[in-house]
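Everything below belongs to upload28.txt, which stores compact mmCIF, C-alpha atoms.
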# COMPACT_ATOMS: atom_id res chain seq x y z
CA ILE A 1 -110.46 80.53 13.98
CA THR A 2 -109.86 83.75 12.06
CA PRO A 3 -107.34 83.85 9.20
CA ARG A 4 -103.84 84.85 10.28
CA LEU A 5 -103.29 88.59 10.05
CA ALA A 6 -99.89 90.28 9.79
CA ILE A 7 -99.16 92.57 12.74
CA ALA A 8 -96.28 94.91 13.42
CA ASP A 9 -93.00 93.54 14.76
CA VAL A 10 -92.50 95.42 18.04
CA SER A 11 -89.01 94.12 18.88
CA VAL A 12 -87.26 97.43 18.12
CA GLN A 13 -89.71 99.40 20.25
CA ALA A 14 -89.45 96.83 23.04
CA ARG A 15 -85.66 97.14 23.11
CA THR A 16 -85.92 100.93 23.19
CA TRP A 17 -88.30 100.78 26.15
CA GLN A 18 -86.37 97.89 27.76
CA ILE A 19 -89.42 95.67 28.01
CA THR A 20 -90.36 92.41 26.30
CA PRO A 21 -92.20 92.33 22.95
CA PHE A 22 -94.89 90.27 24.63
CA ALA A 23 -95.59 93.14 27.04
CA ILE A 24 -96.51 95.33 24.07
CA TYR A 25 -98.67 92.62 22.50
CA MET A 26 -100.37 92.04 25.86
CA ALA A 27 -100.95 95.79 26.26
CA ALA A 28 -102.56 95.95 22.81
CA TRP A 29 -104.84 93.01 23.64
CA GLN A 30 -105.91 94.53 26.95
CA LEU A 31 -106.46 97.89 25.21
CA THR A 32 -108.65 96.27 22.56
CA LEU A 33 -110.73 94.39 25.13
CA HIS A 34 -111.09 97.50 27.30
CA LYS A 35 -112.35 99.59 24.40
CA LEU A 36 -114.83 96.90 23.39
CA CYS A 37 -116.28 96.05 26.81
CA GLN A 38 -115.58 99.33 28.66
CA GLN A 39 -114.49 97.38 31.74
CA THR A 40 -111.75 99.07 33.75
CA ARG A 41 -110.50 95.98 35.62
CA PHE A 42 -110.29 92.46 34.26
CA ALA A 43 -107.81 89.62 33.76
CA VAL A 44 -106.30 87.98 30.68
CA ILE A 45 -105.02 84.40 30.87
CA THR A 46 -101.62 83.57 29.38
CA PRO A 47 -99.35 80.50 29.60
CA PHE A 48 -95.92 80.68 31.27
CA ALA A 49 -93.11 78.22 30.49
CA ASN A 50 -92.60 77.59 34.23
CA ARG A 51 -89.03 76.37 33.79
CA GLN A 52 -87.21 78.70 36.22
CA ARG A 53 -86.28 75.85 38.55
CA GLU A 54 -82.69 74.72 37.97
CA GLU A 55 -83.70 71.04 38.05
CA PHE A 56 -85.91 71.67 34.98
CA PHE A 57 -83.14 73.18 32.83
CA ARG A 58 -82.03 69.88 31.26
CA THR A 59 -85.40 68.13 31.46
CA VAL A 60 -87.52 67.44 28.40
CA GLY A 61 -91.18 68.05 29.12
CA LEU A 62 -94.01 70.51 29.28
CA PHE A 63 -94.30 72.45 32.53
CA ALA A 64 -96.40 75.36 31.23
CA ASN A 65 -98.95 76.88 33.57
CA ALA A 66 -101.68 79.36 32.60
CA LEU A 67 -101.99 82.38 34.87
CA PRO A 68 -104.09 85.56 34.87
CA VAL A 69 -102.50 88.94 34.16
CA THR A 70 -104.61 91.81 35.43
CA ALA A 71 -105.60 94.90 33.46
CA ASP A 72 -106.37 98.19 35.21
CA PHE A 73 -107.78 101.13 33.27
CA SER A 74 -109.23 102.94 36.28
CA GLN A 75 -106.67 105.77 36.03
CA PRO A 76 -105.61 107.91 33.02
CA GLN A 77 -102.53 106.52 31.29
CA THR A 78 -100.70 106.75 27.99
CA LEU A 79 -100.24 103.80 25.66
CA GLN A 80 -96.56 103.63 26.62
CA ALA A 81 -97.44 103.61 30.33
CA LEU A 82 -99.88 100.77 29.61
CA ALA A 83 -97.07 98.76 28.00
CA TYR A 84 -94.81 99.34 31.02
CA ALA A 85 -97.61 98.29 33.37
CA CYS A 86 -98.14 95.07 31.40
CA HIS A 87 -94.41 94.35 31.57
CA GLN A 88 -94.46 94.69 35.37
CA ARG A 89 -97.57 92.56 35.76
CA LEU A 90 -96.14 89.85 33.52
CA GLN A 91 -93.02 89.77 35.70
CA LEU A 92 -95.19 89.48 38.80
CA ALA A 93 -97.22 86.66 37.27
CA ASN A 94 -94.03 84.86 36.18
CA ALA A 95 -92.72 85.02 39.75
CA ASN A 96 -95.81 83.03 40.74
CA SER A 97 -95.84 80.71 37.73
CA GLU A 98 -95.72 77.60 39.91
CA VAL A 99 -99.06 78.45 41.53
CA PRO A 100 -101.76 76.12 40.13
CA ILE A 101 -104.50 77.89 38.21
CA ALA A 102 -107.05 76.22 40.51
CA GLY A 103 -105.42 78.00 43.45
CA ILE A 104 -105.64 81.34 41.63
CA ALA A 105 -109.34 80.75 40.93
CA GLU A 106 -109.99 79.93 44.58
CA GLN A 107 -108.23 83.10 45.77
CA TRP A 108 -110.14 85.13 43.18
CA GLN A 109 -113.43 83.94 44.65
CA GLN A 110 -112.32 84.42 48.25
CA ALA A 111 -111.22 87.98 47.49
CA GLY A 112 -114.68 88.76 46.15
CA GLN A 113 -113.41 89.78 42.72
CA GLY A 114 -116.75 88.97 41.07
CA ASP A 115 -117.95 86.27 38.72
CA LEU A 116 -115.31 83.57 38.35
CA ALA A 117 -116.25 83.17 34.69
CA LEU A 118 -114.80 86.63 34.01
CA LEU A 119 -111.37 85.29 34.89
CA PHE A 120 -111.42 82.75 32.08
CA ASN A 121 -113.07 84.62 29.21
CA ALA A 122 -110.01 85.88 27.32
CA ALA A 123 -106.53 84.50 26.75
CA ILE A 124 -103.37 85.35 24.81
CA SER A 125 -100.34 83.29 23.82
CA TYR A 126 -97.05 84.29 22.20
CA ASP A 127 -94.99 81.77 20.24
CA ASN A 128 -91.49 82.96 19.29
CA ALA A 129 -89.89 79.56 18.83
CA PRO A 130 -86.74 79.59 16.64
CA LEU A 131 -87.01 78.75 12.97
CA GLN A 132 -86.29 75.17 11.97
CA GLN A 133 -82.95 76.11 10.36
CA GLN A 134 -81.88 77.82 13.59
CA LEU A 135 -82.35 74.56 15.48
CA ALA A 136 -80.25 72.44 13.14
CA MET A 137 -77.99 70.04 15.06
CA PRO A 138 -75.58 67.50 13.51
CA GLY A 139 -76.92 63.96 13.81
CA TYR A 140 -80.47 65.06 14.61
CA SER A 141 -83.50 65.71 12.45
CA ILE A 142 -86.27 68.12 13.40
CA GLU A 143 -89.89 67.77 12.44
CA LEU A 144 -92.48 70.45 13.12
CA LEU A 145 -95.72 68.91 14.34
CA PRO A 146 -99.03 70.58 13.50
CA VAL A 147 -100.96 71.87 16.50
CA PRO A 148 -104.68 71.04 16.42
CA GLY A 149 -106.85 74.12 16.17
CA THR A 150 -109.68 72.74 18.26
CA THR A 151 -108.00 72.61 21.67
CA GLY A 152 -108.94 76.09 22.90
CA LYS A 153 -110.31 76.22 26.45
CA PHE A 154 -111.32 79.89 26.42
CA PRO A 155 -114.21 81.64 24.64
CA LEU A 156 -111.73 84.15 23.20
CA ALA A 157 -108.03 83.41 22.65
CA LEU A 158 -105.48 85.48 20.71
CA SER A 159 -102.52 83.55 19.31
CA ILE A 160 -99.40 85.44 18.17
CA SER A 161 -96.60 83.75 16.25
CA HIS A 162 -93.21 85.34 15.55
CA ASN A 163 -90.66 83.80 13.21
CA SER A 164 -89.57 85.68 10.10
CA THR A 165 -92.82 87.65 10.32
CA THR A 166 -95.32 88.28 13.09
CA THR A 167 -98.90 87.10 12.63
CA ALA A 168 -101.94 86.73 14.84
CA CYS A 169 -105.24 84.88 14.78
CA ILE A 170 -108.17 84.61 17.17
CA GLU A 171 -109.75 81.35 18.28
CA TYR A 172 -113.28 81.84 19.52
CA HIS A 173 -116.42 80.04 20.67
CA PRO A 174 -118.80 80.00 17.66
CA GLN A 175 -121.89 80.08 19.87
CA GLN A 176 -120.76 83.31 21.51
CA PHE A 177 -119.17 85.22 18.62
CA THR A 178 -119.72 85.51 14.88
CA HIS A 179 -116.90 85.00 12.41
CA ASP A 180 -117.38 88.45 10.87
CA PHE A 181 -117.07 90.14 14.24
CA MET A 182 -113.96 88.13 15.10
CA CYS A 183 -112.33 89.17 11.83
CA ARG A 184 -113.09 92.80 12.70
CA LEU A 185 -111.70 92.22 16.18
CA ALA A 186 -108.44 90.97 14.64
CA GLY A 187 -108.28 94.21 12.67
CA TYR A 188 -108.92 96.23 15.83
CA TYR A 189 -106.05 94.43 17.53
CA GLN A 190 -103.79 95.17 14.59
CA ARG A 191 -104.66 98.86 14.97
CA SER A 192 -103.99 98.76 18.73
CA VAL A 193 -100.49 97.36 18.21
CA GLN A 194 -99.74 100.01 15.60
CA ALA A 195 -100.97 102.80 17.88
CA ILE A 196 -98.71 101.77 20.78
CA ILE A 197 -95.71 101.89 18.45
CA GLU A 198 -96.56 105.07 16.56
CA GLN A 199 -98.40 107.09 19.24
CA PRO A 200 -96.97 106.01 22.60
CA GLY A 201 -97.84 109.36 24.19
CA LEU A 202 -101.52 109.07 23.29
CA PHE A 203 -103.83 108.64 26.27
CA VAL A 204 -105.96 105.51 26.36
CA ARG A 205 -109.17 107.54 26.51
CA ALA A 206 -108.25 109.29 23.24
CA PHE A 207 -107.57 106.07 21.32
CA SER A 208 -110.28 104.70 19.04
CA LEU A 209 -110.47 101.21 17.59
CA LEU A 210 -112.06 102.74 14.48
CA ASP A 211 -109.96 104.44 11.85
CA HIS A 212 -110.93 107.63 10.01
CA ARG A 213 -112.96 105.83 7.34
CA GLN A 214 -114.82 103.66 9.84
CA GLN A 215 -115.66 106.65 12.04
CA LEU A 216 -117.16 108.53 9.09
CA ALA A 217 -119.06 105.44 7.95
CA MET A 218 -120.66 105.11 11.38
CA LEU A 219 -121.91 108.69 11.04
CA GLY A 220 -123.20 108.01 7.54
CA LEU A 221 -120.74 110.47 6.00
CA ALA A 222 -118.69 110.13 2.86
CA PRO A 223 -114.88 110.09 3.29
CA GLY A 224 -113.27 113.50 3.19
CA HIS A 225 -115.15 115.33 5.94
CA ASP A 226 -111.97 116.06 7.85
CA PRO A 227 -113.38 118.99 9.92
CA LEU A 228 -115.48 116.48 11.84
CA LEU A 229 -112.51 114.37 12.89
CA GLU A 230 -111.82 116.51 15.95
CA THR A 231 -115.42 116.16 17.08
CA ILE A 232 -115.34 112.41 16.46
CA GLY A 233 -112.03 112.04 18.30
CA ASN A 234 -113.30 113.96 21.32
CA SER A 235 -116.31 111.68 21.57
CA ASN A 236 -114.21 108.49 21.94
Final structure tokens representation of the file:
Amino acid sequence: ITPRLAIADVSVQARTWQITPFAIYMAAWQLTLHKLCQQTRFAVITPFANRQREEFFRTVGLFANALPVTADFSQPQTLQALAYACHQRLQLANANSEVPIAGIAEQWQQAGQGDLALLFNAAISYDNAPLQQQLAMPGYSIELLPVPGTTGKFPLALSISHNSTTTACIEYHPQQFTHDFMCRLAGYYQRSVQAIIEQPGLFVRAFSLLDHRQQLAMLGLAPGHDPLLETIGNSN
């Protein structure tokens, strides 16, 4: 597991765009994966609370179900359009949150969508549970239980936590990824989130996971060669 990294709070931007914060975080994760693997269509697994049934409202228990949310980069789109698309696809997935993941996998195979393993390679989760003091109730005590860090079922899983601050870490399969690369990946994700907030009109094809310094380092140039930035940007 990578160390937790502070990422931007997107709640203000989400309210402005009238979408959920998770849609922006999902968009940034899909953007990061797309830039790394250059795949135009893939799926990211995420858990849904699955408590929309009225009979579950007053029931204590865990009804969460993990479902795939598709990513489609086959057409030109801006970072803001990507966030809107993720919001719509999350709503669609939530409407089918009672469908067992086994049923989704079976349909994926029947539809000829390719290697089933691709459906379960990457995941994302978003925890915005209230702070302990916000849950205070007279006559009750609340204890936060630690969650084991060795329960991941996916080779690559991004975990986002939002309380007073927003942080993220990546759980990964050590036989498939190195720790150094995963730490860099966390930094790339941080940059993707920032870009969606600060440059929503930027087209996906023009976005680079590498910042100015990293781009120059890859070319073996010392920082300060600004005239080359346009050339570097056009090559991404």
Exercise. Taking all atoms listed in the file into account, which of A:Pro3, A:Pro138, A:Pro155, A:Pro76 comes nearest Thr167 (chain A)?
Worked result: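 Ranked by minimum distance to Thr167 (chain A), first place goes to A:Pro3.
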For this session: Compile the contact shell of Ser161 (chain A) as a list in words: residues with an atom at most 9 Å away, counting all atoms listed in the file, same-chain residues fewer than 3 positions apart removed.
Result: Ser125, Tyr126, Asp127, Asn128, Ala129, Thr165, Thr166, Thr167, Ala168 and Cys169 of chain A
Take the selection from the previous step and output its residues with C-alpha atoms, as an mmCIF file, in the frame of the given file.
data_model
loop_
_atom_site.group_PDB
_atom_site.id
_atom_site.type_symbol
_atom_site.label_atom_id
_atom_site.label_comp_id
_atom_site.auth_asym_id
_atom_site.auth_seq_id
_atom_site.Cartn_x
_atom_site.Cartn_y
_atom_site.Cartn_z
ATOM 1 C CA SER A 125 -100.340 83.290 23.820
ATOM 2 C CA TYR A 126 -97.050 84.290 22.200
ATOM 3 C CA ASP A 127 -94.990 81.770 20.240
ATOM 4 C CA ASN A 128 -91.490 82.960 19.290
ATOM 5 C CA ALA A 129 -89.890 79.560 18.830
ATOM 6 C CA THR A 165 -92.820 87.650 10.320
ATOM 7 C CA THR A 166 -95.320 88.280 13.090
ATOM 8 C CA THR A 167 -98.900 87.100 12.630
ATOM 9 C CA ALA A 168 -101.940 86.730 14.840
ATOM 10 C CA CYS A 169 -105.240 84.880 14.780
#
Exercise. So how many Å separate CA of Ser159 (chain A) and CA of Pro47 (chain A), to one decimal?
Worked result: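 It comes out at 11.2 Å.
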Exercise. Which one of A:Thr178, A:Gln13, A:Ser74, A:Ser164 sits closest to Glu198 (chain A) if you count all atoms listed in the file?
Worked result: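 Residue with the minimum atom-to-atom distance to Glu198 (chain A): A:Gln13.
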Exercise. Which neighbours of Ser11 (chain A) fall inside 12 Å, counting only C-alpha atoms, when residues of the same chain fewer than 6 positions from it are skipped, and could you give them as a PyMOL selection string?
Worked result: chain A and resi 17-25+128+162-163+165-166+193+197
For this session: Tell me which protein, DNA and RNA residues are within 8 Å of Val44 (chain A), counting all atoms listed in the file, leaving out same-chain ones fewer than 6 positions away, and put them as number ranges by chain.
Result: A: 30, 68-71, 119-124
Exercise. Just how far from CA of Asn94 (chain A) is CA of Ala8 (chain A), in Å to one decimal?
Worked result: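 Value for the CA of Ala8 (chain A)-CA of Asn94 (chain A) distance: 25.0 Å.
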Problem set entry | Long-range neighbours of Asp211 (chain A) as a list of chain:residue names, 10 Å cut-off, all atoms listed in the file, 5 positions minimum in chain |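 The residues satisfying every condition are A:Tyr188, A:Arg191, A:Leu216, A:Ala217.
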Centre, edges in Å (one decimal): axis-aligned box, region 164-169 of chain A, 3 Å padding on all six sides, as AutoDock Vina command-line options:
--center_x -97.4 --center_y 86.6 --center_z 12.5 --size_x 21.7 --size_y 9.4 --size_z 10.7
Problem set entry | Nearest candidate to Ala27 (chain A) (options A:Ala49, A:Val12, A:Ala43, A:Leu185; using only C-alpha atoms) | A:Ala43
Problem set entry | Selected residue, from A:Glu106, A:Asp180, A:Glu98, A:Glu143, that lies nearest to Phe48 (chain A) when counting all atoms listed in the file |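 Smallest distance to Phe48 (chain A) is found for A:Glu98.
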For this session: Could you give me, as a PyMOL selection string, the residues within 7 Å of Glu171 (chain A), counting all atoms listed in the file and dropping anything in the same chain fewer than 3 positions from it?
Result: chain A and resi 1-2+156-158
Exercise. How many Å separate CA of Ile170 (chain A) from CA of Leu33 (chain A)?
Worked result: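 The value is 12.9 Å.
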Exercise. Which residue gives the smallest distance to Ala66 (chain A) among A:Gln107, A:Phe154, A:His34, A:Thr16, with all atoms listed in the file counted?
Worked result: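 So, comparing all the options, the nearest one is A:Phe154.
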